[in-house]
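input-v7.txt follows (compact mmCIF, C-alpha atoms):
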```txt
# COMPACT_ATOMS: atom_id res chain seq x y z
CA MET S 130 -11.53 7.72 -11.34
CA SER S 131 -12.21 5.42 -8.38
CA THR S 132 -11.62 1.70 -8.08
CA GLN S 133 -15.38 1.16 -7.77
CA SER S 134 -16.03 2.98 -11.04
CA LEU S 135 -13.50 0.83 -12.84
CA SER S 136 -15.17 -2.36 -11.67
CA ALA S 137 -18.73 -1.08 -12.17
CA GLN S 138 -18.44 0.03 -15.78
CA PRO S 139 -20.06 -2.29 -18.32
CA LEU S 140 -17.65 -3.87 -20.76
CA PRO S 141 -18.01 -1.80 -23.95
CA THR S 142 -17.63 -3.04 -27.45
CA ARG S 143 -14.44 -1.60 -28.89
CA SER S 144 -13.17 -1.24 -32.37
CA ARG S 145 -9.56 -1.62 -33.36
CA GLY S 146 -9.37 2.01 -34.51
CA ALA S 147 -10.89 3.48 -31.37
CA ASP S 148 -8.68 1.34 -29.15
CA ALA S 149 -5.56 2.49 -30.94
CA ALA S 150 -6.55 6.14 -30.93
CA SER S 151 -7.68 6.72 -27.36
CA PRO S 152 -4.30 6.32 -25.56
CA SER S 153 -2.68 9.01 -27.72
CA ARG S 154 -5.02 11.63 -26.22
CA ILE S 155 -4.13 10.77 -22.65
CA GLY S 156 -1.56 13.06 -21.08
CA PRO S 157 0.78 12.51 -18.13
CA ALA S 158 -1.66 13.97 -15.58
CA ARG S 159 -4.48 11.61 -16.55
CA THR S 160 -2.05 8.70 -16.77
CA ALA S 161 -0.95 9.42 -13.20
CA ARG S 162 -4.57 9.65 -12.04
CA HIS S 163 -5.52 6.37 -13.69
CA SER S 164 -2.40 4.68 -12.30
CA LEU S 165 -3.22 5.81 -8.76
CA ALA S 166 -6.79 4.53 -9.10
CA LEU S 167 -5.51 1.14 -10.20
CA ALA S 168 -2.92 1.20 -7.42
CA GLY S 169 -5.86 1.56 -5.03
CA ARG S 170 -7.31 -1.60 -6.58
CA GLY S 171 -4.06 -3.42 -5.85
CA VAL S 172 -3.94 -2.22 -2.25
CA THR S 173 -7.53 -3.38 -1.79
CA LYS S 174 -6.50 -6.85 -2.97
CA PHE S 175 -3.77 -6.92 -0.30
CA MET S 176 -6.24 -5.81 2.36
CA LYS S 177 -8.73 -8.52 1.42
CA SER S 178 -6.07 -11.23 1.27
CA PRO S 179 -3.29 -10.47 3.80
CA ILE S 180 -1.81 -13.93 3.18
CA GLN S 181 -0.14 -12.34 0.13
CA LEU S 182 2.06 -10.36 2.55
CA VAL S 183 3.30 -13.29 4.62
CA ASP S 184 6.44 -13.80 2.52
CA VAL S 185 7.61 -10.20 2.94
CA VAL S 186 7.40 -10.62 6.72
CA LEU S 187 8.87 -14.09 7.16
CA THR S 188 11.72 -13.91 4.63
CA PRO S 189 13.63 -11.00 6.25
CA ILE S 190 13.06 -12.42 9.75
CA ILE S 191 14.51 -15.81 8.79
CA SER S 192 17.40 -14.26 6.83
CA LEU S 193 18.46 -11.85 9.56
CA LEU S 194 18.23 -14.38 12.38
CA MET S 195 20.03 -17.05 10.40
CA PHE S 196 22.95 -14.94 9.25
CA VAL S 197 23.51 -13.19 12.56
CA TYR S 198 23.15 -16.13 14.93
CA LEU S 199 24.32 -19.01 12.72
CA PHE S 200 27.07 -17.38 10.69
CA GLY S 201 27.69 -14.07 12.44
CA ASP S 202 30.41 -15.26 14.83
CA ALA S 203 32.39 -16.95 12.06
CA MET S 204 32.10 -13.96 9.73
CA SER S 205 32.82 -11.25 12.31
CA GLY S 206 35.27 -12.97 14.65
CA GLY S 207 32.78 -12.81 17.53
CA ASP S 208 31.93 -9.11 17.17
CA THR S 209 28.17 -9.36 16.70
CA ASP S 210 27.59 -5.61 16.91
CA ARG S 211 30.03 -4.98 14.07
CA TYR S 212 28.42 -7.69 11.98
CA LEU S 213 24.96 -6.21 12.62
CA ARG S 214 26.16 -2.92 11.14
CA LEU S 215 27.23 -4.81 8.03
CA VAL S 216 24.35 -7.22 7.60
CA VAL S 217 21.25 -5.22 8.57
CA PRO S 218 21.46 -2.81 5.59
CA GLY S 219 22.35 -5.76 3.37
CA VAL S 220 19.33 -7.79 4.47
CA MET S 221 17.13 -4.75 3.82
CA VAL S 222 18.36 -4.67 0.22
CA MET S 223 17.96 -8.41 -0.22
CA ALA S 224 14.48 -8.42 1.33
CA VAL S 225 12.98 -5.71 -0.89
CA PHE S 226 14.68 -7.23 -3.94
CA GLN S 227 13.06 -10.59 -3.20
CA ALA S 228 9.72 -8.88 -2.53
CA SER S 229 9.75 -7.58 -6.11
CA ILE S 230 9.26 -11.15 -7.38
CA GLY S 231 5.60 -11.17 -6.40
CA ILE S 232 4.39 -8.48 -8.78
CA GLY S 233 5.36 -10.37 -11.93
CA ALA S 234 3.67 -13.56 -10.78
CA SER S 235 0.56 -11.60 -9.74
CA LEU S 236 0.29 -9.82 -13.10
CA CYS S 237 0.83 -13.10 -14.91
CA ALA S 238 -2.08 -14.60 -12.97
CA ASP S 239 -4.24 -11.54 -13.72
CA ALA S 240 -3.55 -11.93 -17.43
CA SER S 241 -5.24 -15.33 -17.41
CA THR S 242 -8.46 -13.87 -15.96
CA GLY S 243 -9.13 -11.47 -18.84
CA ILE S 244 -8.89 -8.37 -16.66
CA PHE S 245 -6.40 -6.78 -19.05
CA ASP S 246 -8.91 -7.02 -21.90
CA ARG S 247 -11.27 -5.02 -19.72
CA PHE S 248 -8.62 -2.42 -18.94
CA ARG S 249 -7.72 -2.19 -22.61
CA SER S 250 -11.34 -1.44 -23.51
CA MET S 251 -11.32 1.60 -21.21
CA PRO S 252 -10.03 5.07 -22.17
CA ILE S 253 -6.95 4.80 -19.96
CA ALA S 254 -3.25 4.88 -20.78
CA ARG S 255 -1.76 1.54 -21.78
CA SER S 256 0.84 1.84 -19.03
CA SER S 257 -1.65 2.62 -16.22
CA PRO S 258 -2.44 -0.98 -15.18
CA LEU S 259 1.27 -1.77 -14.91
CA ILE S 260 2.22 1.47 -13.13
CA GLY S 261 -0.72 1.00 -10.77
CA ALA S 262 0.41 -2.53 -9.91
CA VAL S 263 3.96 -1.32 -9.25
CA LEU S 264 2.73 1.49 -7.00
CA ALA S 265 0.47 -0.90 -5.08
CA ASP S 266 3.55 -2.99 -4.29
CA LEU S 267 4.75 -0.11 -2.09
CA VAL S 268 2.69 -1.79 0.64
CA ARG S 269 4.86 -4.90 0.39
CA TYR S 270 8.13 -2.97 0.43
CA VAL S 271 7.18 -0.75 3.37
CA LEU S 272 5.98 -3.74 5.40
CA CYS S 273 9.15 -5.65 4.53
CA LEU S 274 11.44 -2.81 5.63
CA ALA S 275 9.42 -2.18 8.78
CA THR S 276 9.84 -5.85 9.71
CA VAL S 277 13.61 -5.70 9.26
CA ALA S 278 13.88 -2.41 11.15
CA VAL S 279 11.91 -3.64 14.17
CA LEU S 280 13.78 -6.95 14.38
CA ALA S 281 17.15 -5.21 13.97
CA LEU S 282 16.36 -2.84 16.83
CA VAL S 283 15.40 -5.79 19.04
CA MET S 284 18.70 -7.49 18.15
CA GLY S 285 20.68 -4.40 19.15
CA TYR S 286 21.23 -2.52 15.90
CA ARG S 287 21.18 1.25 16.16
CA VAL S 288 21.22 3.94 13.46
CA GLN S 289 24.41 5.97 13.83
CA THR S 290 23.29 8.98 11.76
CA GLY S 291 20.06 10.98 12.00
CA PRO S 292 16.40 10.73 10.99
CA VAL S 293 16.94 12.52 7.67
CA ALA S 294 19.66 10.11 6.59
CA ALA S 295 17.56 7.14 7.77
CA LEU S 296 14.58 8.33 5.73
CA ALA S 297 16.87 8.81 2.73
CA ALA S 298 18.06 5.20 3.15
CA LEU S 299 14.47 3.94 3.21
CA ALA S 300 13.62 6.03 0.13
CA LEU S 301 16.63 4.57 -1.70
CA LEU S 302 15.57 1.02 -0.78
CA VAL S 303 12.00 1.59 -1.99
CA GLY S 304 13.28 3.22 -5.18
CA PHE S 305 15.57 0.26 -5.79
CA ALA S 306 12.69 -2.19 -5.36
CA LEU S 307 10.33 -0.17 -7.56
CA SER S 308 12.85 0.17 -10.38
CA PHE S 309 13.97 -3.47 -10.40
CA SER S 310 10.37 -4.66 -10.11
CA TRP S 311 9.98 -3.69 -13.79
CA ILE S 312 12.05 -6.76 -14.65
CA SER S 313 9.47 -8.88 -12.83
CA VAL S 314 6.64 -6.99 -14.54
CA TYR S 315 8.18 -7.65 -17.96
CA LEU S 316 8.55 -11.36 -17.25
CA GLY S 317 4.98 -11.47 -15.93
CA MET S 318 3.70 -10.06 -19.20
CA LEU S 319 5.94 -12.26 -21.31
CA ILE S 320 5.44 -15.64 -19.62
CA LYS S 321 2.13 -17.44 -19.19
CA ASN S 322 2.98 -19.35 -16.00
CA PRO S 323 3.29 -17.49 -12.65
CA ALA S 324 5.55 -20.21 -11.24
CA SER S 325 7.95 -19.72 -14.14
CA VAL S 326 8.07 -15.98 -13.44
CA GLN S 327 9.00 -16.66 -9.82
CA GLY S 328 11.62 -19.19 -10.87
CA LEU S 329 13.31 -16.88 -13.37
CA MET S 330 13.32 -13.95 -10.95
CA THR S 331 14.86 -16.20 -8.28
CA VAL S 332 17.56 -17.22 -10.76
CA LEU S 333 18.32 -13.53 -11.26
CA ILE S 334 18.15 -12.44 -7.62
CA LEU S 335 20.17 -15.18 -5.93
CA PRO S 336 23.44 -14.67 -7.90
CA LEU S 337 23.18 -10.89 -7.58
CA THR S 338 22.57 -11.16 -3.83
CA PHE S 339 25.13 -13.80 -2.86
CA ALA S 340 27.82 -12.42 -5.20
CA SER S 341 27.62 -9.10 -3.36
CA ASN S 342 28.79 -7.55 -0.10
CA VAL S 343 25.42 -8.08 1.59
CA PHE S 344 26.70 -10.75 4.00
CA VAL S 345 30.49 -10.46 3.80
CA PRO S 346 32.76 -7.42 3.43
CA ARG S 347 34.28 -6.78 0.04
CA ASP S 348 37.82 -7.25 1.41
CA GLY S 349 37.19 -10.91 2.10
CA MET S 350 36.29 -11.79 -1.51
CA ALA S 351 38.41 -13.33 -4.24
CA GLY S 352 39.75 -10.91 -6.84
CA TRP S 353 37.24 -11.63 -9.60
CA LEU S 354 34.33 -11.76 -7.16
CA GLY S 355 35.40 -8.50 -5.55
CA ALA S 356 35.58 -6.85 -8.97
CA TRP S 357 32.02 -7.95 -9.72
CA SER S 358 30.84 -6.87 -6.27
CA ASP S 359 32.18 -3.38 -6.94
CA VAL S 360 29.71 -2.92 -9.82
CA ASN S 361 26.91 -5.18 -8.57
CA PRO S 362 23.74 -3.09 -8.04
CA VAL S 363 22.94 -4.97 -4.83
CA SER S 364 26.38 -4.12 -3.41
CA LEU S 365 26.10 -0.50 -4.48
CA VAL S 366 22.71 -0.04 -2.85
CA ALA S 367 23.89 -1.86 0.29
CA ASP S 368 26.96 0.40 0.54
CA ALA S 369 24.86 3.53 0.09
CA VAL S 370 22.38 2.38 2.77
CA ARG S 371 25.26 1.54 5.15
CA GLY S 372 26.66 5.03 4.65
CA LEU S 373 23.27 6.61 5.32
CA LEU S 374 22.54 4.49 8.41
CA ASN S 375 26.00 3.84 9.89
CA GLY S 376 27.85 6.90 8.64
CA GLY S 377 30.53 6.94 5.98
CA PRO S 378 30.93 7.75 2.28
CA VAL S 379 27.76 7.62 0.21
CA ALA S 380 28.30 9.57 -3.01
CA ASP S 381 30.06 6.98 -5.20
CA SER S 382 27.82 4.06 -4.30
CA LEU S 383 24.70 6.23 -4.55
CA PHE S 384 25.71 7.38 -8.03
CA GLY S 385 26.32 3.81 -9.17
CA ALA S 386 23.05 2.57 -7.66
CA SER S 387 21.11 5.43 -9.27
CA ALA S 388 22.66 4.63 -12.65
CA TRP S 389 21.57 0.98 -12.35
CA MET S 390 18.04 1.95 -11.29
CA ALA S 391 17.63 4.43 -14.13
CA GLY S 392 19.04 1.95 -16.65
CA VAL S 393 16.64 -0.80 -15.56
CA ILE S 394 13.64 1.53 -15.88
CA VAL S 395 14.73 2.82 -19.29
CA VAL S 396 15.13 -0.72 -20.63
CA PHE S 397 12.36 -2.71 -18.93
CA PHE S 398 9.52 -0.18 -18.62
CA PRO S 399 8.96 0.09 -22.40
CA LEU S 400 9.53 -3.65 -22.81
CA ALA S 401 6.90 -4.37 -20.15
CA VAL S 402 4.35 -1.99 -21.74
CA ARG S 403 4.97 -3.51 -25.16
CA ALA S 404 4.55 -7.04 -23.79
CA TYR S 405 1.37 -5.94 -21.99
CA ARG S 406 -0.12 -4.58 -25.21
CA LYS S 407 0.59 -7.84 -26.99
CA ASN S 408 -0.73 -9.84 -24.06
CA ALA S 409 -3.92 -7.83 -23.87
CA GLY S 410 -4.43 -7.62 -27.59
```
Please, can you express the file's structure as structure tokens?
Amino acid sequence: MSTQSLSAQPLPTRSRGADAASPSRIGPARTARHSLALAGRGVTKFMKSPIQLVDVVLTPIISLLMFVYLFGDAMSGGDTDRYLRLVVPGVMVMAVFQASIGIGASLCADASTGIFDRFRSMPIARSSPLIGAVLADLVRYVLCLATVAVLALVMGYRVQTGPVAALAALALLVGFALSFSWISVYLGMLIKNPASVQGLMTVLILPLTFASNVFVPRDGMAGWLGAWSDVNPVSLVADAVRGLLNGGPVADSLFGASAWMAGVIVVFFPLAVRAYRKNAG
């Protein structure tokens, strides 16, 4: 199913019984195919309106420059290279986490246009529009990470491991963003105002980010804050990425990060689909 065919189909008249029955006959393979077609729709929207990608470019640039050149000397005792090894992986985590805000606000705006009623009238899985939107956001995450990587190289950061470990770090960062984006998707389906979705996601992201080891080492934190940082998903992902890029232990932090990512998907994916069905109904 192509994006063009989705937009070209006339809006059929649906009955309550037919609408409820059709999704039960759709298997995983067709769900994946429909989701990819709708992901193509989302990518097309980005291509037609590149202004939507400005935030994922500017935010990591400002964050990395500010923390390295304004606060780096104070936090590292003048050793900028050592601080780069700490902060570059952390900024990568923060940047993709912040990029996940956009999907909820975008879906919330789509809900007001009636597009979900059109999707619901089609013989596609109920989860396909949401999965497609999440997959389309890969463009934002890849662009965000590419921006951080290029700027970090210019500033003098160098990967201390190899290409396989570096690719694994990028895969972990994208997986983290995709899994936690389901929180944003759920809020986008639950709340009618895109600005409110952005505000609530910011309220969630800022405490998780700044109460982590993204910008300061764990050893420099107060006891209670250090204890929270040890289990904070942002800290766990940052530690795993540091191990993959700089060298060092990875297993414990990777296990903890994977547990958080799986838990978020298990909880918020069904909640988001349920909220979507109510929203579109």
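Nearest residue to Arg371 in chain S among S:Val402, S:Val220, S:Val314, S:Leu307 is S:Val220, counting all atoms listed in the file.
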Report as a tab-separated table the residues of range 195-295 of chain S within 12 Å of range 339-351 of chain S, each with its shortest atom pair and distance in Å (one decimal), using all atoms listed in the file, ordered by chain and increasing residue number.
```
residue	atom	partner	partner_atom	distance
S:Met195	CA	S:Phe344	CA	11.2
S:Phe196	CA	S:Phe344	CA	7.7
S:Val197	CA	S:Phe344	CA	9.5
S:Phe200	CA	S:Phe344	CA	9.4
S:Gly201	CA	S:Phe344	CA	9.1
S:Ala203	CA	S:Val345	CA	10.7
S:Met204	CA	S:Val345	CA	7.1
S:Ser205	CA	S:Val345	CA	8.9
S:Arg211	CA	S:Pro346	CA	11.3
S:Tyr212	CA	S:Phe344	CA	8.7
S:Leu213	CA	S:Phe344	CA	9.9
S:Arg214	CA	S:Phe344	CA	10.6
S:Leu215	CA	S:Phe344	CA	7.2
S:Val216	CA	S:Phe344	CA	5.6
S:Val217	CA	S:Val343	CA	8.6
S:Pro218	CA	S:Val343	CA	7.7
S:Gly219	CA	S:Val343	CA	4.2
S:Val220	CA	S:Val343	CA	6.7
S:Met221	CA	S:Val343	CA	9.2
S:Val222	CA	S:Val343	CA	8.0
S:Met223	CA	S:Val343	CA	7.7
S:Ala224	CA	S:Val343	CA	10.9
```
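The residue that comes closest to Thr276 in chain S, out of S:Pro189, S:Gly304, S:Gly243, S:Pro292 and on the basis of only C-alpha atoms, is S:Pro189.
Interatomic distance, CA of Ile394 in chain S to CA of Phe309 in chain S: 7.4 Å.
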What's around Ser241 in chain S at 12 Å? Count all atoms listed in the file, leave out sequence neighbours fewer than 3 positions away in its own chain, and write the answer as a ChimeraX atom specification. /S:234-238,244-246,317-318,320-323,408-409
Write out, as a compact mmCIF listing (two decimals), in the frame of the given file, the residues just selected, with C-alpha atoms.
```
# COMPACT_ATOMS: atom_id res chain seq x y z
CA ALA S 234 3.67 -13.56 -10.78
CA SER S 235 0.56 -11.60 -9.74
CA LEU S 236 0.29 -9.82 -13.10
CA CYS S 237 0.83 -13.10 -14.91
CA ALA S 238 -2.08 -14.60 -12.97
CA ILE S 244 -8.89 -8.37 -16.66
CA PHE S 245 -6.40 -6.78 -19.05
CA ASP S 246 -8.91 -7.02 -21.90
CA GLY S 317 4.98 -11.47 -15.93
CA MET S 318 3.70 -10.06 -19.20
CA ILE S 320 5.44 -15.64 -19.62
CA LYS S 321 2.13 -17.44 -19.19
CA ASN S 322 2.98 -19.35 -16.00
CA PRO S 323 3.29 -17.49 -12.65
CA ASN S 408 -0.73 -9.84 -24.06
CA ALA S 409 -3.92 -7.83 -23.87
```
Which protein, DNA or RNA residues have an atom at most 8 Å from (-2.1, -7.8, -4.1), counting all atoms listed in the file? List them as a PyMOL selection string. chain S and resi 171-176+178+181+235+265-266
